[in-house]
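protein00.pdb follows (PDB, C-alpha atoms):
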```
ATOM      1  CA  MET A   1     137.110 370.976  18.850
ATOM      2  CA  GLU A   2     136.047 370.650  15.251
ATOM      3  CA  VAL A   3     136.818 367.466  13.304
ATOM      4  CA  ARG A   4     136.501 367.775   9.537
ATOM      5  CA  PHE A   5     136.899 365.065   6.924
ATOM      6  CA  TRP A   6     138.625 366.304   3.762
ATOM      7  CA  GLY A   7     139.070 362.778   2.377
ATOM      8  CA  VAL A   8     137.580 359.427   3.427
ATOM      9  CA  GLN A   9     138.350 357.311   0.361
ATOM     10  CA  GLY A  10     140.577 354.252   0.708
ATOM     11  CA  SER A  11     143.419 353.081  -1.529
ATOM     12  CA  ILE A  12     143.061 355.535  -4.431
ATOM     13  CA  PRO A  13     140.981 358.642  -5.222
ATOM     14  CA  ALA A  14     137.591 357.601  -6.613
ATOM     15  CA  PRO A  15     135.522 360.586  -7.769
ATOM     16  CA  LEU A  16     131.860 360.257  -8.600
ATOM     17  CA  THR A  17     131.360 358.616 -11.995
ATOM     18  CA  THR A  18     129.049 359.992 -14.688
ATOM     19  CA  GLY A  19     126.708 357.064 -14.096
ATOM     20  CA  GLU A  20     126.509 357.792 -10.360
ATOM     21  CA  TYR A  21     125.971 361.491 -11.050
ATOM     22  CA  LEU A  22     123.117 360.740 -13.460
ATOM     23  CA  THR A  23     121.503 358.439 -10.891
ATOM     24  CA  LYS A  24     121.546 361.284  -8.369
ATOM     25  CA  LEU A  25     120.251 363.704 -10.994
ATOM     26  CA  ARG A  26     117.302 361.431 -11.795
ATOM     27  CA  SER A  27     116.445 361.240  -8.092
ATOM     28  CA  VAL A  28     116.551 365.018  -7.815
ATOM     29  CA  LEU A  29     114.307 365.500 -10.850
ATOM     30  CA  LEU A  30     111.795 362.932  -9.623
ATOM     31  CA  SER A  31     111.705 364.621  -6.214
ATOM     32  CA  ALA A  32     111.165 367.997  -7.901
ATOM     33  CA  HIS A  33     107.995 366.910  -9.696
ATOM     34  CA  GLY A  34     105.226 369.338  -8.731
ATOM     35  CA  VAL A  35     107.451 371.346  -6.360
ATOM     36  CA  ASP A  36     107.439 375.139  -6.509
ATOM     37  CA  LEU A  37     111.001 376.179  -7.437
ATOM     38  CA  SER A  38     110.159 379.763  -8.374
ATOM     39  CA  SER A  39     112.709 381.454  -6.083
ATOM     40  CA  ASP A  40     116.217 380.917  -4.757
ATOM     41  CA  GLU A  41     114.763 380.446  -1.267
ATOM     42  CA  ARG A  42     112.374 377.703  -2.423
ATOM     43  CA  ILE A  43     115.179 376.001  -4.375
ATOM     44  CA  GLU A  44     117.377 376.004  -1.276
ATOM     45  CA  GLN A  45     114.540 374.567   0.841
ATOM     46  CA  PHE A  46     114.047 371.846  -1.749
ATOM     47  CA  ILE A  47     117.762 370.986  -1.798
ATOM     48  CA  GLN A  48     117.945 370.811   1.994
ATOM     49  CA  GLY A  49     114.957 368.474   2.009
ATOM     50  CA  LEU A  50     116.509 365.918  -0.334
ATOM     51  CA  ASP A  51     117.458 362.527   1.078
ATOM     52  CA  PHE A  52     120.992 362.392   2.464
ATOM     53  CA  PRO A  53     122.417 360.005  -0.216
ATOM     54  CA  VAL A  54     121.109 362.280  -2.976
ATOM     55  CA  ARG A  55     122.271 365.557  -1.430
ATOM     56  CA  HIS A  56     125.823 364.462  -0.582
ATOM     57  CA  VAL A  57     128.875 363.141  -2.389
ATOM     58  CA  ILE A  58     130.191 360.461  -0.061
ATOM     59  CA  ARG A  59     133.765 360.007  -1.213
ATOM     60  CA  GLY A  60     136.388 360.994  -3.730
ATOM     61  CA  ASP A  61     139.598 362.163  -2.055
ATOM     62  CA  THR A  62     141.818 359.894   0.027
ATOM     63  CA  THR A  63     142.339 360.215   3.735
ATOM     64  CA  CYS A  64     142.873 363.593   5.333
ATOM     65  CA  ILE A  65     141.283 364.780   8.580
ATOM     66  CA  SER A  66     141.701 368.122  10.320
ATOM     67  CA  VAL A  67     141.172 368.741  14.028
ATOM     68  CA  THR A  68     141.236 372.241  15.480
ATOM     69  CA  ASP A  69     140.185 374.184  18.546
ATOM     70  CA  GLY A  70     140.589 377.498  16.759
ATOM     71  CA  GLU A  71     144.143 377.913  18.008
ATOM     72  CA  THR A  72     145.985 374.740  17.007
ATOM     73  CA  LEU A  73     145.584 372.820  13.754
ATOM     74  CA  LEU A  74     146.195 369.062  13.714
ATOM     75  CA  ILE A  75     146.048 367.100  10.457
ATOM     76  CA  PHE A  76     145.889 363.319  10.300
ATOM     77  CA  ASP A  77     147.349 361.935   7.079
ATOM     78  CA  ALA A  78     148.067 363.733   3.830
ATOM     79  CA  GLY A  79     145.894 361.966   1.262
ATOM     80  CA  SER A  80     144.540 363.846  -1.737
ATOM     81  CA  GLY A  81     142.038 365.646   0.514
ATOM     82  CA  LEU A  82     144.987 367.691   1.833
ATOM     83  CA  ARG A  83     145.008 369.712  -1.384
ATOM     84  CA  ARG A  84     141.533 371.102  -0.698
ATOM     85  CA  LEU A  85     142.386 371.677   2.963
ATOM     86  CA  GLY A  86     145.354 373.767   1.841
ATOM     87  CA  ILE A  87     143.134 375.843  -0.452
ATOM     88  CA  HIS A  88     140.731 376.374   2.457
ATOM     89  CA  LEU A  89     143.514 377.510   4.794
ATOM     90  CA  MET A  90     144.824 379.976   2.224
ATOM     91  CA  SER A  91     141.341 381.464   1.737
ATOM     92  CA  LEU A  92     140.618 382.173   5.410
ATOM     93  CA  PRO A  93     140.009 385.865   6.232
ATOM     94  CA  ASP A  94     143.403 387.469   6.895
ATOM     95  CA  SER A  95     144.844 383.953   6.574
ATOM     96  CA  PRO A  96     148.053 383.412   8.587
ATOM     97  CA  TYR A  97     148.943 380.684   6.076
ATOM     98  CA  ALA A  98     148.819 383.167   3.188
ATOM     99  CA  ARG A  99     150.983 385.581   5.226
ATOM    100  CA  GLY A 100     153.583 382.966   6.140
ATOM    101  CA  GLN A 101     152.600 382.922   9.805
ATOM    102  CA  GLY A 102     150.712 379.610   9.957
ATOM    103  CA  GLN A 103     151.510 376.399  11.803
ATOM    104  CA  VAL A 104     150.435 372.878  10.892
ATOM    105  CA  HIS A 105     150.916 369.705  12.949
ATOM    106  CA  LEU A 106     150.776 366.792  10.501
ATOM    107  CA  PHE A 107     150.480 363.251  11.913
ATOM    108  CA  PHE A 108     151.011 360.175   9.736
ATOM    109  CA  SER A 109     149.428 356.771  10.269
ATOM    110  CA  HIS A 110     151.809 355.365   7.646
ATOM    111  CA  HIS A 111     153.204 356.347   4.274
ATOM    112  CA  HIS A 112     151.312 354.410   1.623
ATOM    113  CA  HIS A 113     150.437 356.541  -1.404
ATOM    114  CA  ASP A 114     146.802 357.116  -0.472
ATOM    115  CA  HIS A 115     147.914 358.748   2.794
ATOM    116  CA  THR A 116     150.655 360.934   1.336
ATOM    117  CA  ASN A 117     149.685 361.849  -2.235
ATOM    118  CA  GLY A 118     148.188 365.202  -1.290
ATOM    119  CA  PHE A 119     151.259 366.706   0.311
ATOM    120  CA  PRO A 120     153.018 367.896  -2.884
ATOM    121  CA  PHE A 121     149.847 369.931  -3.609
ATOM    122  CA  PHE A 122     149.509 371.477  -0.113
ATOM    123  CA  THR A 123     149.775 375.203  -0.853
ATOM    124  CA  PRO A 124     150.774 376.396   2.666
ATOM    125  CA  ALA A 125     153.926 374.265   2.352
ATOM    126  CA  TYR A 126     155.130 376.587  -0.428
ATOM    127  CA  ILE A 127     154.782 379.803   1.604
ATOM    128  CA  PRO A 128     157.971 381.044   3.337
ATOM    129  CA  GLY A 129     157.516 381.519   7.071
ATOM    130  CA  ASN A 130     154.878 378.842   7.608
ATOM    131  CA  TRP A 131     155.865 376.004   9.916
ATOM    132  CA  ILE A 132     154.979 372.367   9.250
ATOM    133  CA  TYR A 133     155.640 369.888  12.041
ATOM    134  CA  PHE A 134     155.731 366.277  10.850
ATOM    135  CA  TYR A 135     154.939 363.520  13.358
ATOM    136  CA  GLY A 136     155.320 359.797  12.835
ATOM    137  CA  LEU A 137     156.401 356.505  14.328
ATOM    138  CA  HIS A 138     158.132 354.944  11.340
ATOM    139  CA  PRO A 139     161.917 355.365  11.066
ATOM    140  CA  ASN A 140     163.509 357.995   8.811
ATOM    141  CA  LEU A 141     160.461 360.245   8.606
ATOM    142  CA  GLU A 142     162.263 363.026   6.741
ATOM    143  CA  GLU A 143     163.732 360.593   4.207
ATOM    144  CA  ARG A 144     160.279 359.158   3.570
ATOM    145  CA  MET A 145     158.886 362.613   2.820
ATOM    146  CA  VAL A 146     161.805 363.484   0.555
ATOM    147  CA  GLY A 147     161.345 360.209  -1.315
ATOM    148  CA  LEU A 148     157.793 361.144  -2.287
ATOM    149  CA  GLN A 149     159.059 363.983  -4.453
ATOM    150  CA  VAL A 150     162.189 362.778  -6.166
ATOM    151  CA  TYR A 151     162.588 364.317  -9.612
ATOM    152  CA  GLU A 152     161.645 361.154 -11.523
ATOM    153  CA  TYR A 153     158.151 361.218 -10.005
ATOM    154  CA  PHE A 154     157.424 364.874  -9.172
ATOM    155  CA  PRO A 155     158.927 368.089 -10.541
ATOM    156  CA  VAL A 156     159.245 369.939  -7.207
ATOM    157  CA  PRO A 157     161.650 368.442  -4.627
ATOM    158  CA  PHE A 158     160.435 368.298  -1.032
ATOM    159  CA  HIS A 159     162.942 370.804   0.339
ATOM    160  CA  VAL A 160     162.183 373.332  -2.405
ATOM    161  CA  MET A 161     158.832 373.810  -0.682
ATOM    162  CA  ALA A 162     159.622 376.991   1.235
ATOM    163  CA  ALA A 163     157.829 376.428   4.551
ATOM    164  CA  LYS A 164     159.972 375.645   7.580
ATOM    165  CA  LYS A 165     159.914 371.992   8.571
ATOM    166  CA  ALA A 166     160.484 369.980  11.749
ATOM    167  CA  PHE A 167     160.323 366.206  12.227
ATOM    168  CA  ILE A 168     159.197 364.630  15.498
ATOM    169  CA  SER A 169     159.470 360.897  16.210
ATOM    170  CA  LEU A 170     156.774 359.414  18.420
ATOM    171  CA  GLU A 171     156.568 356.208  20.437
ATOM    172  CA  PRO A 172     153.532 353.907  20.622
ATOM    173  CA  ASP A 173     151.273 354.516  23.620
ATOM    174  CA  GLN A 174     153.300 357.554  24.732
ATOM    175  CA  PRO A 175     151.131 360.705  24.803
ATOM    176  CA  ILE A 176     152.351 364.102  23.652
ATOM    177  CA  THR A 177     150.848 367.556  24.114
ATOM    178  CA  VAL A 178     150.306 369.954  21.212
ATOM    179  CA  GLY A 179     148.539 373.145  22.259
ATOM    180  CA  ALA A 180     145.512 372.107  24.299
ATOM    181  CA  PHE A 181     145.467 368.614  22.736
ATOM    182  CA  THR A 182     146.824 365.364  24.132
ATOM    183  CA  ILE A 183     147.604 362.894  21.348
ATOM    184  CA  THR A 184     148.412 359.236  22.015
ATOM    185  CA  PRO A 185     149.522 356.981  19.131
ATOM    186  CA  PHE A 186     148.704 353.269  19.184
ATOM    187  CA  GLU A 187     149.745 350.370  16.975
ATOM    188  CA  LEU A 188     147.598 348.973  14.180
ATOM    189  CA  LYS A 189     148.010 345.828  12.098
ATOM    190  CA  HIS A 190     148.736 346.795   8.497
ATOM    191  CA  PRO A 191     151.372 345.816   5.893
ATOM    192  CA  GLY A 192     154.452 347.870   6.697
ATOM    193  CA  GLY A 193     152.983 348.944  10.039
ATOM    194  CA  ALA A 194     150.484 351.689  10.802
ATOM    195  CA  TYR A 195     149.346 353.702  13.803
ATOM    196  CA  GLY A 196     146.146 355.245  15.060
ATOM    197  CA  TYR A 197     145.783 358.324  17.243
ATOM    198  CA  ARG A 198     143.661 359.107  20.287
ATOM    199  CA  VAL A 199     143.047 362.863  20.496
ATOM    200  CA  GLU A 200     141.865 364.331  23.811
ATOM    201  CA  TRP A 201     140.724 367.936  24.234
ATOM    202  CA  LYS A 202     139.157 369.041  27.513
ATOM    203  CA  ASP A 203     136.710 366.192  28.179
ATOM    204  CA  ARG A 204     136.196 365.261  24.506
ATOM    205  CA  VAL A 205     137.830 362.437  22.571
ATOM    206  CA  PHE A 206     138.314 361.806  18.861
ATOM    207  CA  VAL A 207     140.013 358.577  17.748
ATOM    208  CA  TYR A 208     141.512 358.084  14.293
ATOM    209  CA  SER A 209     141.924 354.372  13.538
ATOM    210  CA  SER A 210     142.445 353.761   9.837
ATOM    211  CA  ASP A 211     144.224 351.004   7.886
ATOM    212  CA  SER A 212     144.057 348.049  10.214
ATOM    213  CA  GLU A 213     142.643 344.555  10.266
ATOM    214  CA  PHE A 214     141.531 342.359  13.125
ATOM    215  CA  GLN A 215     141.713 338.684  12.203
ATOM    216  CA  ASN A 216     140.678 336.610  15.232
ATOM    217  CA  PRO A 217     142.013 339.161  17.737
ATOM    218  CA  SER A 218     143.282 337.765  21.022
ATOM    219  CA  ALA A 219     141.883 338.860  24.368
ATOM    220  CA  ALA A 220     144.979 341.020  24.846
ATOM    221  CA  GLU A 221     144.448 342.711  21.453
ATOM    222  CA  ILE A 222     140.775 343.348  22.192
ATOM    223  CA  PHE A 223     141.745 344.923  25.513
ATOM    224  CA  TYR A 224     144.401 347.079  23.797
ATOM    225  CA  TYR A 225     141.997 348.499  21.203
ATOM    226  CA  THR A 226     139.136 348.855  23.662
ATOM    227  CA  HIS A 227     141.476 350.937  25.805
ATOM    228  CA  ALA A 228     142.547 353.082  22.834
ATOM    229  CA  TYR A 229     138.919 353.694  21.809
ATOM    230  CA  ARG A 230     137.458 354.043  25.302
ATOM    231  CA  ASP A 231     134.650 356.590  25.720
ATOM    232  CA  ALA A 232     135.395 358.222  22.362
ATOM    233  CA  ASP A 233     132.885 360.825  21.295
ATOM    234  CA  LEU A 234     133.825 360.069  17.682
ATOM    235  CA  LEU A 235     135.742 357.109  16.225
ATOM    236  CA  TYR A 236     136.878 357.032  12.589
ATOM    237  CA  PHE A 237     137.299 353.343  11.728
ATOM    238  CA  ASP A 238     138.593 351.483   8.666
ATOM    239  CA  ALA A 239     135.510 349.669   7.336
ATOM    240  CA  GLN A 240     136.720 349.197   3.779
ATOM    241  CA  TYR A 241     135.443 345.646   3.375
ATOM    242  CA  THR A 242     132.146 343.853   3.591
ATOM    243  CA  LEU A 243     132.114 340.963   6.037
ATOM    244  CA  THR A 244     132.784 338.486   3.230
ATOM    245  CA  GLU A 245     135.597 340.586   1.779
ATOM    246  CA  SER A 246     137.256 340.817   5.195
ATOM    247  CA  PHE A 247     137.652 337.017   5.190
ATOM    248  CA  VAL A 248     138.662 336.700   1.531
ATOM    249  CA  LYS A 249     141.209 339.543   1.697
ATOM    250  CA  GLU A 250     143.025 338.346   4.780
ATOM    251  CA  ASP A 251     146.321 340.166   5.443
ATOM    252  CA  TRP A 252     145.399 343.035   3.116
ATOM    253  CA  GLY A 253     145.336 345.351   6.122
ATOM    254  CA  HIS A 254     141.721 346.523   6.293
ATOM    255  CA  SER A 255     138.636 345.783   8.338
ATOM    256  CA  SER A 256     134.831 345.845   8.326
ATOM    257  CA  ALA A 257     131.967 347.657   9.995
ATOM    258  CA  TRP A 258     131.156 344.558  12.010
ATOM    259  CA  MET A 259     134.496 344.584  13.804
ATOM    260  CA  GLY A 260     134.166 348.324  14.332
ATOM    261  CA  ILE A 261     130.807 347.815  16.021
ATOM    262  CA  ASP A 262     132.070 344.997  18.267
ATOM    263  CA  LEU A 263     135.007 347.072  19.491
ATOM    264  CA  SER A 264     133.010 350.290  19.770
ATOM    265  CA  VAL A 265     130.321 348.747  21.958
ATOM    266  CA  ARG A 266     132.979 347.299  24.271
ATOM    267  CA  ALA A 267     134.735 350.675  24.423
ATOM    268  CA  ARG A 268     131.544 352.704  25.008
ATOM    269  CA  VAL A 269     132.103 354.767  21.860
ATOM    270  CA  LYS A 270     129.324 357.283  21.210
ATOM    271  CA  ARG A 271     129.593 357.694  17.431
ATOM    272  CA  LEU A 272     131.262 355.328  14.937
ATOM    273  CA  LEU A 273     132.199 356.626  11.482
ATOM    274  CA  LEU A 274     132.739 353.924   8.864
ATOM    275  CA  GLY A 275     135.494 355.159   6.554
ATOM    276  CA  HIS A 276     138.414 354.364   4.240
ATOM    277  CA  HIS A 277     135.849 353.374   1.623
ATOM    278  CA  GLU A 278     136.601 350.650  -0.906
ATOM    279  CA  PRO A 279     137.066 352.302  -4.350
ATOM    280  CA  SER A 280     135.157 349.540  -6.149
ATOM    281  CA  HIS A 281     132.057 350.089  -3.989
ATOM    282  CA  SER A 282     129.435 352.422  -5.413
ATOM    283  CA  GLU A 283     127.761 354.957  -3.149
ATOM    284  CA  GLU A 284     124.644 352.805  -3.263
ATOM    285  CA  GLU A 285     126.669 349.840  -2.010
ATOM    286  CA  LEU A 286     128.096 351.971   0.800
ATOM    287  CA  PHE A 287     124.593 352.749   2.055
ATOM    288  CA  VAL A 288     123.646 349.062   1.842
ATOM    289  CA  LEU A 289     126.704 348.297   3.972
ATOM    290  CA  LEU A 290     125.622 350.970   6.459
ATOM    291  CA  GLU A 291     122.122 349.514   6.810
ATOM    292  CA  GLU A 292     123.503 345.993   7.267
ATOM    293  CA  ALA A 293     125.869 347.293   9.951
ATOM    294  CA  ARG A 294     123.022 349.008  11.774
ATOM    295  CA  ARG A 295     120.950 345.816  11.675
ATOM    296  CA  TYR A 296     123.923 343.906  13.104
ATOM    297  CA  LEU A 297     124.150 346.426  15.945
ATOM    298  CA  GLN A 298     120.425 346.214  16.683
ATOM    299  CA  LEU A 299     120.341 342.414  16.652
ATOM    300  CA  ASN A 300     123.502 341.809  18.667
ATOM    301  CA  TYR A 301     123.566 344.826  20.985
ATOM    302  CA  PRO A 302     119.926 345.936  21.387
ATOM    303  CA  GLU A 303     120.732 348.008  24.477
ATOM    304  CA  ALA A 304     123.689 349.830  22.911
ATOM    305  CA  THR A 305     123.485 353.594  22.396
ATOM    306  CA  LEU A 306     126.182 353.590  19.688
ATOM    307  CA  GLU A 307     125.388 355.688  16.600
ATOM    308  CA  VAL A 308     126.760 354.259  13.331
ATOM    309  CA  LEU A 309     127.350 356.596  10.370
ATOM    310  CA  LEU A 310     129.143 356.625   7.036
ATOM    311  CA  ALA A 311     132.152 358.895   6.883
ATOM    312  CA  VAL A 312     131.328 361.547   4.281
ATOM    313  CA  GLN A 313     133.779 363.832   2.529
ATOM    314  CA  ASP A 314     133.597 367.435   3.833
ATOM    315  CA  GLN A 315     131.384 366.628   6.826
ATOM    316  CA  SER A 316     132.426 368.097  10.152
ATOM    317  CA  PHE A 317     131.632 367.469  13.807
ATOM    318  CA  ARG A 318     131.915 369.861  16.717
ATOM    319  CA  LEU A 319     132.854 368.140  19.960
ATOM    320  CA  GLU A 320     132.234 370.639  22.754
TER
END
```

Rewritten as structure tokens:
Amino acid sequence: MEVRFWGVQGSIPAPLTTGEYLTKLRSVLLSAHGVDLSSDERIEQFIQGLDFPVRHVIRGDTTCISVTDGETLLIFDAGSGLRRLGIHLMSLPDSPYARGQGQVHLFFSHHHHDHTNGFPFFTPAYIPGNWIYFYGLHPNLEERMVGLQVYEYFPVPFHVMAAKKAFISLEPDQPITVGAFTITPFELKHPGGAYGYRVEWKDRVFVYSSDSEFQNPSAAEIFYYTHAYRDADLLYFDAQYTLTESFVKEDWGHSSAWMGIDLSVRARVKRLLLGHHEPSHSEEELFVLLEEARRYLQLNYPEATLEVLLAVQDQSFRLE
């Protein structure tokens, strides 16, 4: 299966500022000093050789993740990244979404604005014949979606969007099957309630665990999350706060890389992606956080094989 991250920003979209862009540009120009850039091929080689922080834009759009095996498309949350995902689906060769023959399975962790604000701009939802299946654990799922697009706040009502719609209520810890995927929701601690999802495909596992905090978790809670994360090939984890911020902002509903590492090591996770980035953190600060998290892992779990990475907008992973 392919897991692709269309948005990894927390709380509100936070595009690259002019100052951040100029910092990257200076780094590029300094790296280019004395380099032969006389052809497109040499320019491309130069670009590919740039350091990762310079070559990539880390965040911008809010949470939206697609998972597909080429037959079935799952989407986790409908943050602003969903708009670009919709454009991508419409541009596929002989796109079934452009022809009104596409299907989307859209799973919600919860319905705060940063996880829903992309849906009114999701082009496949306007195409007659497409099917959109909405999954959630909160009550009144359809009413929640309708409420996002009342006339006072958005000019196009939800049910004017021409795609066919179905609403499926899920229960915590009860797996369902969609195509070749088995998806199991689990509870998270977040204001208003939120849920993560364990996605199993063949012998591969992706876990989506955003918008949660872990303040002095009990042994039972540690066991619960360790079980949900167990043997994951890839875990997307809410690491919005620094360690200090996670103590100061108690009950705000977010966590830190340090908690993600502790749980991941216990659960034998292979790769941990630190996501739901804090909008006030610069990209430079995000990489500082990453290095501090890696040092924590090395000092406290020197035998661990866990790989710790920043979640990056538009990156993808193939789990085969």

### Message
Can you measure atom CA of A:Pro157 to atom CA of A:Met145 for me? One decimal in Å is fine.
### Response
9.9 Å

Can I get the residues of stretch 100-204 of chain A within 12 Å of stretch 238-242 of chain A, each with the closest pair of atoms and their distance in Å to one decimal, using all atoms listed in the file, sorted chain first then ascending number, as CSV?
```
residue,atom,partner,partner_atom,distance
A:Leu188,CA,A:Asp238,CA,10.9
A:Lys189,CA,A:Asp238,CA,11.5
A:His190,CA,A:Asp238,CA,11.2
A:Gly196,CA,A:Asp238,CA,10.6
```

#### Entry: Point-to-point distance from atom CA of A:Val54 to atom CA of A:Thr18, Å rounded to tenths
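Calculated distance between atom CA of A:Val54 and atom CA of A:Thr18 is 14.3 Å.
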
### Message
So that I can check the surroundings of A:Ile12, please list as a ChimeraX atom specification every protein, DNA and RNA residue that reaches within 9 Å of it, counting all atoms listed in the file and ignoring chain neighbours fewer than 3 positions away.
### Response
/A:9,60-62,80,113-114,278-279

### Query
stretch 85-94 of chain A: which residues within 9 Å, counting only C-alpha atoms, same-chain residues fewer than 6 positions away excluded, as an MDAnalysis selection string?
chainID A and resid 6 64:66 121:125

### d(atom CA of A:Gly260, atom CA of A:Val8) in Å
15.9 Å

Got a sec to resolve the PyMOL selection byres ((chain A and resi 148-150) around 12) on this structure and send the residues as a compact mmCIF listing (two decimals) with C-alpha atoms, in the frame of the given file?
```txt
# COMPACT_ATOMS: atom_id res chain seq x y z
CA ALA A 78 148.07 363.73 3.83
CA HIS A 111 153.20 356.35 4.27
CA HIS A 112 151.31 354.41 1.62
CA HIS A 113 150.44 356.54 -1.40
CA ASP A 114 146.80 357.12 -0.47
CA HIS A 115 147.91 358.75 2.79
CA THR A 116 150.66 360.93 1.34
CA ASN A 117 149.68 361.85 -2.24
CA GLY A 118 148.19 365.20 -1.29
CA PHE A 119 151.26 366.71 0.31
CA PRO A 120 153.02 367.90 -2.88
CA PHE A 121 149.85 369.93 -3.61
CA LEU A 141 160.46 360.24 8.61
CA GLU A 142 162.26 363.03 6.74
CA GLU A 143 163.73 360.59 4.21
CA ARG A 144 160.28 359.16 3.57
CA MET A 145 158.89 362.61 2.82
CA VAL A 146 161.80 363.48 0.56
CA GLY A 147 161.34 360.21 -1.32
CA TYR A 151 162.59 364.32 -9.61
CA GLU A 152 161.65 361.15 -11.52
CA TYR A 153 158.15 361.22 -10.01
CA PHE A 154 157.42 364.87 -9.17
CA PRO A 155 158.93 368.09 -10.54
CA VAL A 156 159.24 369.94 -7.21
CA PRO A 157 161.65 368.44 -4.63
CA PHE A 158 160.44 368.30 -1.03
CA HIS A 159 162.94 370.80 0.34
CA VAL A 160 162.18 373.33 -2.40
CA MET A 161 158.83 373.81 -0.68
```

### Message
I'd like to know which of A:His138, A:Gly192, A:Leu74, A:Ser282 is closest to A:Thr23, using all atoms listed in the file.
### Response
A:Ser282

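With all atoms listed in the file as the atoms that count, the minimum distance from A:Val207 to the choices A:Ala162, A:Ala267, A:Val288, A:Ile132 is reached by A:Ala267.
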
### Residue among A:Gln215, A:Gln48, A:Ser256, A:Ser109 lying closest to A:Glu187, counting all atoms listed in the file
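Closest residue, counting all atoms listed in the file: A:Ser109.
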
Enclose the full set of atoms of stretch 17-24 of chain A listed in the file within a box whose edges lie along x, y and z, apply 4 Å of padding to each of the six sides, and report centre and edge lengths in Å to one decimal as lines of an AutoDock Vina configuration file.
```
center_x = 126.4
center_y = 359.3
center_z = -11.5
size_x = 17.9
size_y = 12.4
size_z = 14.3
```

### Message
Could you list, as JSON, numbers by chain, every residue within 7 Å of A:Ala257, counting all atoms listed in the file and ignoring same-chain residues fewer than 4 positions away?
### Response
{"A": [239, 261, 274, 293]}

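The nearest approach to A:Phe206 among the residues A:Val3, A:Leu309, A:Leu170, A:Val248, with only C-alpha atoms taken into account, belongs to A:Val3.
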
### Task
Translate the PyMOL selection byres ((chain A and resi 108) around 7), as applied to the file shown, into an explicit residue set as JSON, numbers by chain.
{"A": [76, 77, 106, 107, 109, 110, 135, 136]}

### Task
List the neighbours of stretch 233-237 of chain A out to 7 Å using all atoms listed in the file; skip same-chain residues closer than 4 positions along the sequence, and give me the result as a PyMOL selection string.
chain A and resi 204-210+260+269-275

Residues as selected, C-alpha atoms, written as a PDB file, keeping the file's coordinate frame, can you do that?
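File selection08.pdb, as written:
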```pdb
ATOM      1  CA  ARG A 204     136.196 365.261  24.506  1.00  0.00           C
ATOM      2  CA  VAL A 205     137.830 362.437  22.571  1.00  0.00           C
ATOM      3  CA  PHE A 206     138.314 361.806  18.861  1.00  0.00           C
ATOM      4  CA  VAL A 207     140.013 358.577  17.748  1.00  0.00           C
ATOM      5  CA  TYR A 208     141.512 358.084  14.293  1.00  0.00           C
ATOM      6  CA  SER A 209     141.924 354.372  13.538  1.00  0.00           C
ATOM      7  CA  SER A 210     142.445 353.761   9.837  1.00  0.00           C
ATOM      8  CA  GLY A 260     134.166 348.324  14.332  1.00  0.00           C
ATOM      9  CA  VAL A 269     132.103 354.767  21.860  1.00  0.00           C
ATOM     10  CA  LYS A 270     129.324 357.283  21.210  1.00  0.00           C
ATOM     11  CA  ARG A 271     129.593 357.694  17.431  1.00  0.00           C
ATOM     12  CA  LEU A 272     131.262 355.328  14.937  1.00  0.00           C
ATOM     13  CA  LEU A 273     132.199 356.626  11.482  1.00  0.00           C
ATOM     14  CA  LEU A 274     132.739 353.924   8.864  1.00  0.00           C
ATOM     15  CA  GLY A 275     135.494 355.159   6.554  1.00  0.00           C
TER      16      GLY A 275
END
```

### Message
Here's the selection I'm unsure about, the PyMOL selection byres ((chain A and resi 313) around 6); applied to the file above, which residues does it give, as number ranges by chain?
### Response
A: 5-8, 58-59, 312, 314-315
